[in-house]
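Below is run00.tsv, holding TSV, C-alpha atoms.
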chain	number	residue	atom	x	y	z
A	1	MET	CA	91.37	122.52	65.31
A	2	ARG	CA	88.72	120.25	63.88
A	3	GLN	CA	90.23	117.38	61.92
A	4	THR	CA	88.55	116.66	58.58
A	5	GLY	CA	88.95	113.58	56.41
A	6	SER	CA	90.65	110.32	57.27
A	7	PRO	CA	94.36	110.21	58.24
A	8	ALA	CA	95.08	108.33	55.00
A	9	ARG	CA	93.57	111.14	52.90
A	10	ARG	CA	95.41	113.81	54.90
A	11	THR	CA	98.63	111.88	54.27
A	12	LEU	CA	97.83	111.77	50.55
A	13	ALA	CA	97.56	115.55	50.42
A	14	VAL	CA	101.17	116.02	51.60
A	15	PRO	CA	102.93	114.40	48.63
A	16	LEU	CA	100.48	116.12	46.29
A	17	VAL	CA	101.48	119.49	47.70
A	18	LEU	CA	105.15	118.50	47.47
A	19	LEU	CA	104.66	117.55	43.82
A	20	ALA	CA	103.24	120.99	43.17
A	21	LEU	CA	106.43	122.69	44.32
A	22	PRO	CA	108.15	124.43	41.41
A	23	THR	CA	111.39	122.76	40.44
A	24	GLN	CA	114.45	123.89	38.53
A	25	ALA	CA	114.16	123.49	34.78
A	26	GLN	CA	116.82	121.17	33.32
A	27	ALA	CA	116.99	122.11	29.68
A	28	HIS	CA	120.71	121.36	29.46
A	29	MET	CA	121.72	118.48	31.63
A	30	THR	CA	125.22	118.80	32.95
A	31	ALA	CA	127.32	116.53	35.07
A	32	PRO	CA	129.03	118.81	37.56
A	33	GLY	CA	132.31	117.45	38.83
A	34	MET	CA	132.58	114.81	36.13
A	35	GLY	CA	136.28	114.23	35.60
A	36	ASP	CA	138.02	114.09	32.26
A	37	PHE	CA	138.50	110.35	32.47
A	38	ILE	CA	134.84	109.66	33.27
A	39	SER	CA	133.77	112.10	30.60
A	40	GLY	CA	135.85	110.15	28.09
A	41	LEU	CA	134.62	106.82	29.47
A	42	LEU	CA	131.02	107.80	28.84
A	43	HIS	CA	131.69	109.40	25.45
A	44	PRO	CA	130.92	106.29	23.36
A	45	TRP	CA	127.69	105.81	25.32
A	46	MET	CA	126.62	109.42	24.84
A	47	THR	CA	127.33	109.53	21.10
A	48	PRO	CA	124.42	107.79	19.40
A	49	THR	CA	126.24	106.69	16.26
A	50	HIS	CA	129.14	105.24	18.25
A	51	LEU	CA	126.72	103.45	20.54
A	52	LEU	CA	124.89	102.01	17.55
A	53	ILE	CA	128.15	100.54	16.22
A	54	LEU	CA	129.14	99.17	19.63
A	55	LEU	CA	125.70	97.57	20.03
A	56	ALA	CA	125.84	95.98	16.60
A	57	LEU	CA	129.38	94.66	17.07
A	58	GLY	CA	128.55	93.39	20.56
A	59	LEU	CA	125.45	91.61	19.26
A	60	TRP	CA	127.50	90.07	16.47
A	61	LEU	CA	130.24	88.88	18.84
A	62	GLY	CA	127.73	87.44	21.30
A	63	GLN	CA	125.42	85.69	18.85
A	64	HIS	CA	128.15	83.29	17.66
A	65	LEU	CA	129.19	80.86	20.34
A	66	PRO	CA	131.70	80.35	21.82
A	67	LEU	CA	132.39	84.04	22.43
A	68	ARG	CA	135.61	85.09	20.70
A	69	VAL	CA	137.04	87.74	23.03
A	70	GLY	CA	140.44	87.40	21.39
A	71	LEU	CA	139.34	89.14	18.21
A	72	PRO	CA	138.24	92.44	19.83
A	73	LEU	CA	141.25	92.34	22.14
A	74	GLN	CA	143.69	91.81	19.30
A	75	VAL	CA	142.06	94.15	16.78
A	76	PHE	CA	139.46	96.55	18.18
A	77	VAL	CA	141.34	97.62	21.31
A	78	PRO	CA	144.74	98.38	19.67
A	79	VAL	CA	143.26	100.00	16.55
A	80	SER	CA	141.02	102.25	18.65
A	81	ALA	CA	144.06	103.22	20.76
A	82	VAL	CA	146.03	104.19	17.65
A	83	ALA	CA	143.09	106.13	16.17
A	84	LEU	CA	142.49	108.00	19.44
A	85	ALA	CA	146.18	108.84	19.70
A	86	LEU	CA	146.24	110.11	16.13
A	87	THR	CA	143.47	112.60	16.89
A	88	THR	CA	145.99	114.61	18.90
A	89	THR	CA	148.30	114.94	15.88
A	90	HIS	CA	145.56	116.30	13.59
A	91	TRP	CA	146.69	113.84	10.90
A	92	ILE	CA	143.13	112.65	10.59
A	93	ALA	CA	140.55	114.99	9.14
A	94	VAL	CA	136.95	114.96	10.39
A	95	VAL	CA	135.34	111.58	9.81
A	96	PRO	CA	132.30	112.06	7.55
A	97	PRO	CA	129.10	111.14	9.46
A	98	PRO	CA	127.79	108.98	6.56
A	99	LEU	CA	130.88	106.78	6.89
A	100	ILE	CA	130.23	106.12	10.59
A	101	ILE	CA	126.55	105.41	9.90
A	102	ALA	CA	127.48	103.09	7.03
A	103	ILE	CA	129.68	101.09	9.42
A	104	ALA	CA	126.74	100.77	11.83
A	105	LEU	CA	124.57	99.66	8.91
A	106	ALA	CA	127.08	97.00	7.86
A	107	ALA	CA	127.49	95.70	11.40
A	108	GLY	CA	123.70	95.61	11.90
A	109	ALA	CA	123.28	93.72	8.64
A	110	VAL	CA	125.79	91.10	9.76
A	111	VAL	CA	123.75	90.62	12.95
A	112	ALA	CA	120.40	90.49	11.12
A	113	LEU	CA	121.76	87.88	8.71
A	114	GLU	CA	123.37	85.96	11.60
A	115	ALA	CA	126.46	85.82	9.42
A	116	ARG	CA	129.43	83.99	10.86
A	117	LEU	CA	132.18	85.95	9.15
A	118	PRO	CA	135.61	84.50	8.42
A	119	THR	CA	138.21	85.66	10.92
A	120	PHE	CA	139.80	88.01	8.40
A	121	ALA	CA	136.47	89.69	7.52
A	122	GLY	CA	135.49	89.94	11.20
A	123	ALA	CA	138.85	91.49	12.05
A	124	LEU	CA	138.47	93.94	9.17
A	125	LEU	CA	134.99	94.99	10.37
A	126	LEU	CA	136.29	95.51	13.92
A	127	ALA	CA	139.35	97.42	12.68
A	128	VAL	CA	137.31	99.76	10.46
A	129	ALA	CA	134.82	100.38	13.26
A	130	ALA	CA	137.56	101.02	15.83
A	131	GLY	CA	139.39	103.34	13.46
A	132	ALA	CA	136.28	105.35	12.65
A	133	ILE	CA	135.02	105.66	16.23
A	134	GLY	CA	138.49	106.48	17.54
A	135	SER	CA	139.10	109.12	14.86
A	136	ASP	CA	135.69	110.63	15.56
A	137	SER	CA	136.34	110.94	19.33
A	138	GLY	CA	139.00	113.61	19.32
A	139	VAL	CA	139.14	116.22	22.09
A	140	GLU	CA	139.23	119.77	20.79
A	141	THR	CA	140.15	121.78	23.86
A	142	GLY	CA	142.14	121.29	27.05
A	143	THR	CA	145.68	120.86	28.26
A	144	PRO	CA	147.67	117.87	26.96
A	145	PHE	CA	147.14	116.15	30.32
A	146	THR	CA	143.34	116.56	30.35
A	147	VAL	CA	143.13	115.53	26.69
A	148	ALA	CA	145.17	112.41	27.45
A	149	LYS	CA	142.92	111.55	30.40
A	150	THR	CA	139.78	111.99	28.29
A	151	LEU	CA	141.15	109.90	25.43
A	152	LEU	CA	142.25	107.21	27.86
A	153	GLY	CA	138.71	107.14	29.28
A	154	THR	CA	137.24	106.84	25.78
A	155	TRP	CA	139.63	103.98	24.96
A	156	VAL	CA	138.70	102.09	28.13
A	157	GLY	CA	135.00	102.81	27.56
A	158	LEU	CA	135.14	101.49	24.02
A	159	GLY	CA	136.96	98.27	24.92
A	160	ILE	CA	134.96	97.52	28.05
A	161	GLY	CA	131.71	98.47	26.35
A	162	LEU	CA	132.19	96.19	23.37
A	163	ILE	CA	133.37	93.19	25.38
A	164	ASN	CA	130.58	93.64	27.94
A	165	ILE	CA	127.84	93.81	25.32
A	166	GLY	CA	129.29	90.76	23.60
A	167	TYR	CA	129.58	88.87	26.88
A	168	TYR	CA	126.01	89.52	28.01
A	169	VAL	CA	124.59	88.74	24.58
A	170	SER	CA	126.55	85.46	24.59
A	171	LEU	CA	125.12	84.61	28.01
A	172	ALA	CA	121.64	85.01	26.54
A	173	ALA	CA	122.57	83.08	23.39
A	174	GLU	CA	123.92	80.20	25.50
A	175	ARG	CA	120.37	79.47	26.64
A	176	LYS	CA	119.79	78.00	23.17
A	177	LYS	CA	116.30	79.45	22.93
A	178	LYS	CA	115.06	80.10	19.44
A	179	TRP	CA	113.34	83.35	20.41
A	180	ILE	CA	116.59	84.75	21.83
A	181	SER	CA	118.50	84.18	18.58
A	182	ILE	CA	115.55	85.68	16.66
A	183	GLY	CA	115.44	88.62	19.09
A	184	ILE	CA	119.13	89.30	18.43
A	185	ARG	CA	118.47	89.24	14.67
A	186	VAL	CA	115.48	91.57	15.08
A	187	ALA	CA	117.71	93.97	17.06
A	188	GLY	CA	120.20	93.80	14.18
A	189	SER	CA	117.47	94.61	11.66
A	190	TRP	CA	116.36	97.55	13.79
A	191	ILE	CA	119.95	98.85	13.80
A	192	VAL	CA	120.02	98.53	9.99
A	193	ALA	CA	116.70	100.39	9.74
A	194	ILE	CA	117.86	103.18	12.07
A	195	ALA	CA	121.17	103.48	10.22
A	196	LEU	CA	119.41	103.59	6.82
A	197	LEU	CA	117.18	106.44	7.96
A	198	MET	CA	120.10	108.32	9.50
A	199	LEU	CA	122.14	107.85	6.35
A	200	ALA	CA	119.35	109.38	4.32
A	201	PHE	CA	119.14	112.28	6.81
A	202	SER	CA	122.85	112.96	6.62
A	203	LEU	CA	122.89	112.75	2.82
A	204	ARG	CA	119.95	115.16	2.60
A	205	ARG	CA	121.67	117.65	4.89
A	206	ALA	CA	124.91	117.29	2.93
B	1	MET	CA	88.01	102.50	53.63
B	2	PRO	CA	84.61	104.30	53.81
B	3	PRO	CA	84.79	108.10	54.23
B	4	GLN	CA	84.30	109.28	57.80
B	5	ASN	CA	83.00	112.69	56.72
B	6	PRO	CA	81.61	112.84	53.16
B	7	GLN	CA	81.72	116.65	52.99
B	8	ALA	CA	85.35	116.73	54.09
B	9	ALA	CA	86.17	113.99	51.62
B	10	ARG	CA	84.62	116.04	48.79
B	11	ARG	CA	86.55	119.11	49.90
B	12	LEU	CA	89.78	117.13	49.96
B	13	ALA	CA	89.12	115.73	46.49
B	14	PHE	CA	88.50	119.26	45.17
B	15	LEU	CA	91.65	120.51	46.88
B	16	SER	CA	93.66	117.64	45.42
B	17	LEU	CA	92.39	118.53	41.95
B	18	LEU	CA	93.44	122.15	42.44
B	19	VAL	CA	96.86	121.02	43.62
B	20	LEU	CA	97.24	118.79	40.56
B	21	LEU	CA	96.42	121.76	38.35
B	22	LEU	CA	99.31	123.62	39.97
B	23	LEU	CA	101.85	120.99	38.95
B	24	PRO	CA	104.62	122.54	36.84
B	25	VAL	CA	104.59	121.11	33.34
B	26	THR	CA	106.98	121.36	30.40
B	27	LEU	CA	106.09	123.67	27.56
B	28	HIS	CA	105.72	121.89	24.23
B	29	ALA	CA	105.96	124.82	21.85
B	30	HIS	CA	108.53	122.96	19.70
B	31	SER	CA	108.04	119.34	20.62
B	32	GLU	CA	109.93	118.06	17.58
B	33	ARG	CA	113.20	119.66	18.58
B	34	GLY	CA	115.97	118.06	20.58
B	35	MET	CA	116.70	114.41	21.21
B	36	VAL	CA	113.58	113.72	23.26
B	37	GLY	CA	111.42	115.64	20.81
B	38	GLY	CA	112.89	113.65	17.94
B	39	PHE	CA	112.15	110.37	19.70
B	40	GLN	CA	108.60	111.45	20.53
B	41	SER	CA	108.01	112.61	17.00
B	42	GLY	CA	109.43	109.41	15.51
B	43	PHE	CA	107.65	107.12	17.96
B	44	PHE	CA	104.23	108.63	17.44
B	45	HIS	CA	104.54	109.05	13.68
B	46	PRO	CA	103.64	105.44	12.77
B	47	LEU	CA	100.87	105.53	15.39
B	48	THR	CA	99.06	108.52	13.93
B	49	GLY	CA	97.67	106.94	10.77
B	50	LEU	CA	95.00	104.23	10.90
B	51	ASP	CA	96.11	102.86	7.51
B	52	HIS	CA	99.67	102.42	8.78
B	53	ILE	CA	98.60	100.86	12.06
B	54	ALA	CA	96.28	98.42	10.32
B	55	ALA	CA	98.99	97.25	7.92
B	56	MET	CA	101.68	96.89	10.60
B	57	VAL	CA	99.40	94.89	12.85
B	58	ALA	CA	98.31	92.77	9.87
B	59	VAL	CA	101.96	91.90	9.14
B	60	GLY	CA	102.33	90.59	12.70
B	61	ILE	CA	99.03	88.68	12.63
B	62	TRP	CA	99.77	87.10	9.27
B	63	GLY	CA	103.28	86.18	10.39
B	64	ALA	CA	101.87	84.44	13.46
B	65	TYR	CA	99.34	82.67	11.24
B	66	LEU	CA	102.11	81.42	8.96
B	67	GLY	CA	104.07	80.20	11.98
B	68	ALA	CA	107.85	79.93	12.29
B	69	PRO	CA	110.05	80.99	10.59
B	70	ALA	CA	107.73	83.51	8.86
B	71	MET	CA	106.47	84.82	12.22
B	72	TRP	CA	109.96	86.12	13.00
B	73	LEU	CA	111.30	86.65	9.53
B	74	LEU	CA	108.65	89.16	8.46
B	75	PRO	CA	109.36	91.52	11.41
B	76	VAL	CA	113.08	91.29	10.54
B	77	ILE	CA	112.46	92.11	6.87
B	78	PHE	CA	109.75	94.74	7.27
B	79	PRO	CA	111.69	97.41	9.27
B	80	VAL	CA	114.69	97.18	6.96
B	81	VAL	CA	112.65	97.47	3.75
B	82	MET	CA	110.45	100.16	5.30
B	83	ALA	CA	113.55	102.13	6.30
B	84	PHE	CA	114.77	101.81	2.72
B	85	GLY	CA	111.47	103.30	1.56
B	86	GLY	CA	111.82	105.93	4.29
B	87	ALA	CA	115.26	106.82	3.00
B	88	LEU	CA	113.81	107.28	-0.50
B	89	GLY	CA	111.15	109.57	0.98
B	90	ILE	CA	113.70	111.60	2.96
B	91	LEU	CA	115.83	112.02	-0.16
B	92	LYS	CA	112.70	113.13	-2.07
B	93	VAL	CA	112.96	110.29	-4.58
B	94	PRO	CA	109.50	110.18	-6.19
B	95	LEU	CA	107.46	106.97	-5.97
B	96	PRO	CA	104.13	106.66	-7.79
B	97	GLY	CA	100.89	105.58	-6.14
B	98	VAL	CA	102.12	105.70	-2.56
B	99	GLU	CA	98.75	106.33	-0.89
B	100	THR	CA	96.99	103.79	-3.14
B	101	CYS	CA	99.54	101.10	-2.33
B	102	ILE	CA	99.30	101.85	1.41
B	103	ALA	CA	95.53	101.39	1.22
B	104	LEU	CA	96.00	98.25	-0.89
B	105	SER	CA	98.39	96.87	1.73
B	106	GLY	CA	95.58	96.93	4.30
B	107	VAL	CA	93.25	95.18	1.85
B	108	ALA	CA	95.79	92.55	0.77
B	109	LEU	CA	97.23	91.75	4.19
B	110	GLY	CA	93.78	91.80	5.82
B	111	LEU	CA	92.44	89.35	3.22
B	112	MET	CA	95.47	87.09	3.72
B	113	VAL	CA	94.48	86.83	7.38
B	114	VAL	CA	90.76	86.39	6.60
B	115	PHE	CA	91.44	83.48	4.24
B	116	ALA	CA	94.31	82.13	6.37
B	117	ALA	CA	96.47	82.17	3.24
B	118	ARG	CA	99.71	80.21	3.52
B	119	PRO	CA	101.82	81.01	0.44
B	120	PRO	CA	105.52	80.06	0.25
B	121	LEU	CA	107.71	82.09	2.54
B	122	TRP	CA	109.39	84.00	-0.29
B	123	VAL	CA	105.98	85.09	-1.65
B	124	ALA	CA	104.97	86.40	1.78
B	125	ALA	CA	108.33	88.15	2.19
B	126	VAL	CA	108.11	89.81	-1.25
B	127	LEU	CA	104.51	90.91	-0.66
B	128	VAL	CA	105.28	92.38	2.77
B	129	GLY	CA	108.51	93.95	1.50
B	130	PHE	CA	106.73	95.53	-1.48
B	131	PHE	CA	104.17	97.26	0.73
B	132	ALA	CA	106.81	98.19	3.32
B	133	ILE	CA	108.56	100.42	0.76
B	134	PHE	CA	105.40	102.54	0.32
B	135	HIS	CA	104.75	102.82	4.05
B	136	GLY	CA	108.36	103.86	4.61
B	137	HIS	CA	108.27	106.36	1.74
B	138	SER	CA	105.18	108.00	3.18
B	139	HIS	CA	106.80	108.35	6.61
B	140	GLY	CA	110.03	109.64	5.10
B	141	THR	CA	108.26	112.28	3.03
B	142	GLU	CA	106.27	113.57	6.01
B	143	LEU	CA	109.33	113.76	8.22
B	144	PRO	CA	109.71	117.07	10.08
B	145	ASN	CA	112.92	118.91	9.21
B	146	SER	CA	113.57	119.93	12.79
B	147	ALA	CA	113.53	116.40	14.17
B	148	ASN	CA	116.71	114.93	15.63
B	149	ALA	CA	117.66	112.32	13.03
B	150	MET	CA	118.98	109.66	15.36
B	151	THR	CA	116.27	109.69	17.99
B	152	TYR	CA	113.56	110.13	15.36
B	153	ALA	CA	114.80	106.99	13.61
B	154	ILE	CA	114.99	105.05	16.89
B	155	GLY	CA	111.45	106.05	17.91
B	156	PHE	CA	110.11	105.30	14.46
B	157	VAL	CA	111.65	101.82	14.27
B	158	ILE	CA	110.67	100.89	17.83
B	159	ALA	CA	107.03	101.95	17.32
B	160	THR	CA	106.86	99.94	14.09
B	161	GLY	CA	108.37	96.93	15.82
B	162	LEU	CA	105.91	97.21	18.69
B	163	LEU	CA	103.00	97.29	16.24
B	164	HIS	CA	104.32	94.07	14.70
B	165	LEU	CA	104.70	92.49	18.11
B	166	SER	CA	101.13	93.40	19.04
B	167	GLY	CA	100.01	91.81	15.76
B	168	ILE	CA	102.02	88.67	16.53
B	169	ALA	CA	100.53	88.52	20.04
B	170	LEU	CA	97.05	88.78	18.55
B	171	GLY	CA	97.89	86.22	15.88
B	172	LEU	CA	99.03	83.70	18.48
B	173	LEU	CA	95.40	83.43	19.63
B	174	VAL	CA	94.76	81.15	16.64
B	175	LYS	CA	95.65	78.24	18.92
B	176	TRP	CA	92.10	78.41	20.25
B	177	PRO	CA	88.90	78.11	18.16
B	178	TRP	CA	87.52	81.39	19.48
B	179	GLY	CA	90.89	83.02	18.87
B	180	ARG	CA	90.82	81.86	15.24
B	181	ILE	CA	87.45	83.61	14.80
B	182	LEU	CA	88.74	86.76	16.52
B	183	VAL	CA	91.92	86.87	14.43
B	184	ARG	CA	90.11	86.35	11.13
B	185	THR	CA	87.52	88.96	12.10
B	186	THR	CA	90.37	91.39	12.84
B	187	GLY	CA	91.79	90.58	9.42
B	188	GLY	CA	88.41	91.40	7.91
B	189	ALA	CA	88.27	94.68	9.81
B	190	ILE	CA	91.76	95.57	8.53
B	191	ALA	CA	90.69	94.79	4.96
B	192	VAL	CA	87.58	96.98	5.40
B	193	VAL	CA	89.77	99.83	6.66
B	194	GLY	CA	92.00	99.33	3.61
B	195	PHE	CA	88.97	99.48	1.31
B	196	GLY	CA	87.81	102.60	3.15
B	197	PHE	CA	91.09	104.36	2.45
B	198	LEU	CA	91.22	103.04	-1.11
B	199	PHE	CA	87.81	104.43	-2.05
B	200	GLY	CA	88.05	107.55	0.08
B	201	PHE	CA	85.43	106.62	2.68
B	202	ILE	CA	88.09	107.07	5.35
B	203	GLN	CA	90.46	110.03	5.23
B	204	GLY	CA	93.97	109.78	6.60

Encoding of this model in structure tokens:
Amino acid sequence: MRQTGSPARRTLAVPLVLLALPTQAQAHMTAPGMGDFISGLLHPWMTPTHLLILLALGLWLGQHLPLRVGLPLQVFVPVSAVALALTTTHWIAVVPPPLIIAIALAAGAVVALEARLPTFAGALLLAVAAGAIGSDSGVETGTPFTVAKTLLGTWVGLGIGLINIGYYVSLAAERKKKWISIGIRVAGSWIVAIALLMLAFSLRRA
Amino acid sequence: MPPQNPQAARRLAFLSLLVLLLLPVTLHAHSERGMVGGFQSGFFHPLTGLDHIAAMVAVGIWGAYLGAPAMWLLPVIFPVVMAFGGALGILKVPLPGVETCIALSGVALGLMVVFAARPPLWVAAVLVGFFAIFHGHSHGTELPNSANAMTYAIGFVIATGLLHLSGIALGLLVKWPWGRILVRTTGGAIAVVGFGFLFGFIQG
């Protein structure tokens, strides 16, 4: 057979042909084999409003040095545990979406203003956020064991997520660069802007 | 590497083009739906109007001209106030003279850059905030109903922030004499665009 074109060009044609192969459409991404615990662990990261609150609180914790890990450990972690546990008793009604968004807005505003809150006010913000996220993360179906595993995963995900964001933000803030502290405030203002728009959306739909 | 056989090279290029045409692509019949569609819709919304782009970039340029802390404070203030205006638009709260004020924002902010105006920080913040409400209101009113609220808002805010950043990057060129001329010329162009929209020479 007569060879045409350079070897490099012939090699180029192979990936092009491979790219042309039809692939399976992925309209609804699923995670086959994902366990209940992992599903719960990722829940705060897959729920945009919860993630927005975690980001804002993490930015707030990290922007004020030294990092106060005690506050989330003493307030956020236990309150979220109680709220998650209460979801199984159906004592808590559905948390209104505007309330969750308003918490994200408040937390973002605290970051944008670079406000160093008094311990009581900071604890209150963390408690309200933990209570709202926890109450909004109930599991509707499943056996008691699978529900418990999912809620446990959510609890771990919330605690680890918040402390990790705070820790990495504090590492950046420790560099004492002006643009980093401004960047954190800009991120806070973006969270406020996103929350404001979402609040308007949810009020319009209501 | 020079082609060993020009005819074969042409054939290969043609074949490659045909193969590229065969690539499976996503249908975009309802691009505003879903999370990705919402983000796309929100991200491109501020980028689709020349009057909006001009004003956002002008905010960044002017901020850089004013130097710290205005350079960073204006991009913190603008998204928040614009989102407030956006919320008013989403909730259908009427605001008079929206299009006129958007066009005026290009004129005012462009002229600030042209004349290298350095008012007190609070004056700059109030001026930028005032215009931000009208820009936000316009975006909020034009918002598609089918868009995913969260991702639309994220895309919208990020695109606005990137426009500011590009303005700041351009504004930082004032450190050099040629950069000063370029920046002030850009300010003049933004003001001209604003005038164009104000008097109807340019249609949105």

Nearest to chain B, chosen from A:Gly131, A:Gly70, A:Pro78, A:Pro97, with only C-alpha atoms counted in the distances: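 Among the listed residues, A:Pro97 lies closest to chain B.
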
Between CA of Gly196 in chain B and CA of Val123 in chain B, distance in Å (one decimal):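 Value for the CA of Gly196 in chain B-CA of Val123 in chain B distance: 25.7 Å.
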
Spatial neighbours of Ala187 in chain A, max dist 12 Å, only C-alpha atoms, sep filter under 2 positions, as a ChimeraX atom specification: /A:52,55-60,63,107-114,169,179-185,189-194 /B:72,75-77,79-80,154,157-158,161

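Distances from B:Val114, B:Ala124, B:Thr48, B:Gly136 to Leu197 in chain A were compared using all atoms listed in the file, and the smallest one belongs to B:Gly136.
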
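Taking only C-alpha atoms into account, chain B lies nearest to A:Gly188 out of the set A:Gly153, A:Pro118, A:Gly62, A:Gly188.
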
Pull range 164-201 of chain B out of the block and emit C-alpha atoms, as a PDB file, in the first residue's frame.
ATOM      1  CA  HIS B 164     -13.982  44.983  36.328  1.00  0.00           C
ATOM      2  CA  LEU B 165     -10.721  43.095  36.550  1.00  0.00           C
ATOM      3  CA  SER B 166     -10.037  43.642  32.854  1.00  0.00           C
ATOM      4  CA  GLY B 167     -10.706  47.355  33.408  1.00  0.00           C
ATOM      5  CA  ILE B 168      -8.329  47.398  36.381  1.00  0.00           C
ATOM      6  CA  ALA B 169      -5.661  45.609  34.315  1.00  0.00           C
ATOM      7  CA  LEU B 170      -6.058  48.201  31.580  1.00  0.00           C
ATOM      8  CA  GLY B 171      -6.047  51.026  34.108  1.00  0.00           C
ATOM      9  CA  LEU B 172      -2.763  49.838  35.607  1.00  0.00           C
ATOM     10  CA  LEU B 173      -1.059  50.832  32.344  1.00  0.00           C
ATOM     11  CA  VAL B 174      -1.133  54.450  33.557  1.00  0.00           C
ATOM     12  CA  LYS B 175       2.279  53.807  35.092  1.00  0.00           C
ATOM     13  CA  TRP B 176       3.755  54.413  31.652  1.00  0.00           C
ATOM     14  CA  PRO B 177       3.334  57.595  29.560  1.00  0.00           C
ATOM     15  CA  TRP B 178       2.039  55.654  26.557  1.00  0.00           C
ATOM     16  CA  GLY B 179      -0.274  53.720  28.851  1.00  0.00           C
ATOM     17  CA  ARG B 180      -1.725  56.974  30.204  1.00  0.00           C
ATOM     18  CA  ILE B 181      -2.579  58.014  26.624  1.00  0.00           C
ATOM     19  CA  LEU B 182      -4.080  54.590  25.878  1.00  0.00           C
ATOM     20  CA  VAL B 183      -6.174  54.570  29.054  1.00  0.00           C
ATOM     21  CA  ARG B 184      -7.515  58.096  28.540  1.00  0.00           C
ATOM     22  CA  THR B 185      -8.274  57.310  24.899  1.00  0.00           C
ATOM     23  CA  THR B 186     -10.201  54.230  26.053  1.00  0.00           C
ATOM     24  CA  GLY B 187     -12.094  56.463  28.473  1.00  0.00           C
ATOM     25  CA  GLY B 188     -12.934  58.750  25.566  1.00  0.00           C
ATOM     26  CA  ALA B 189     -14.130  55.801  23.492  1.00  0.00           C
ATOM     27  CA  ILE B 190     -16.348  54.659  26.385  1.00  0.00           C
ATOM     28  CA  ALA B 191     -17.819  58.159  26.690  1.00  0.00           C
ATOM     29  CA  VAL B 192     -18.495  58.212  22.923  1.00  0.00           C
ATOM     30  CA  VAL B 193     -20.263  54.852  23.192  1.00  0.00           C
ATOM     31  CA  GLY B 194     -22.315  56.280  26.068  1.00  0.00           C
ATOM     32  CA  PHE B 195     -23.252  59.310  23.967  1.00  0.00           C
ATOM     33  CA  GLY B 196     -24.136  56.977  21.106  1.00  0.00           C
ATOM     34  CA  PHE B 197     -26.588  55.069  23.280  1.00  0.00           C
ATOM     35  CA  LEU B 198     -27.903  58.270  24.856  1.00  0.00           C
ATOM     36  CA  PHE B 199     -28.806  59.865  21.534  1.00  0.00           C
ATOM     37  CA  GLY B 200     -29.810  56.658  19.795  1.00  0.00           C
ATOM     38  CA  PHE B 201     -26.905  56.442  17.345  1.00  0.00           C
TER      39      PHE B 201
END
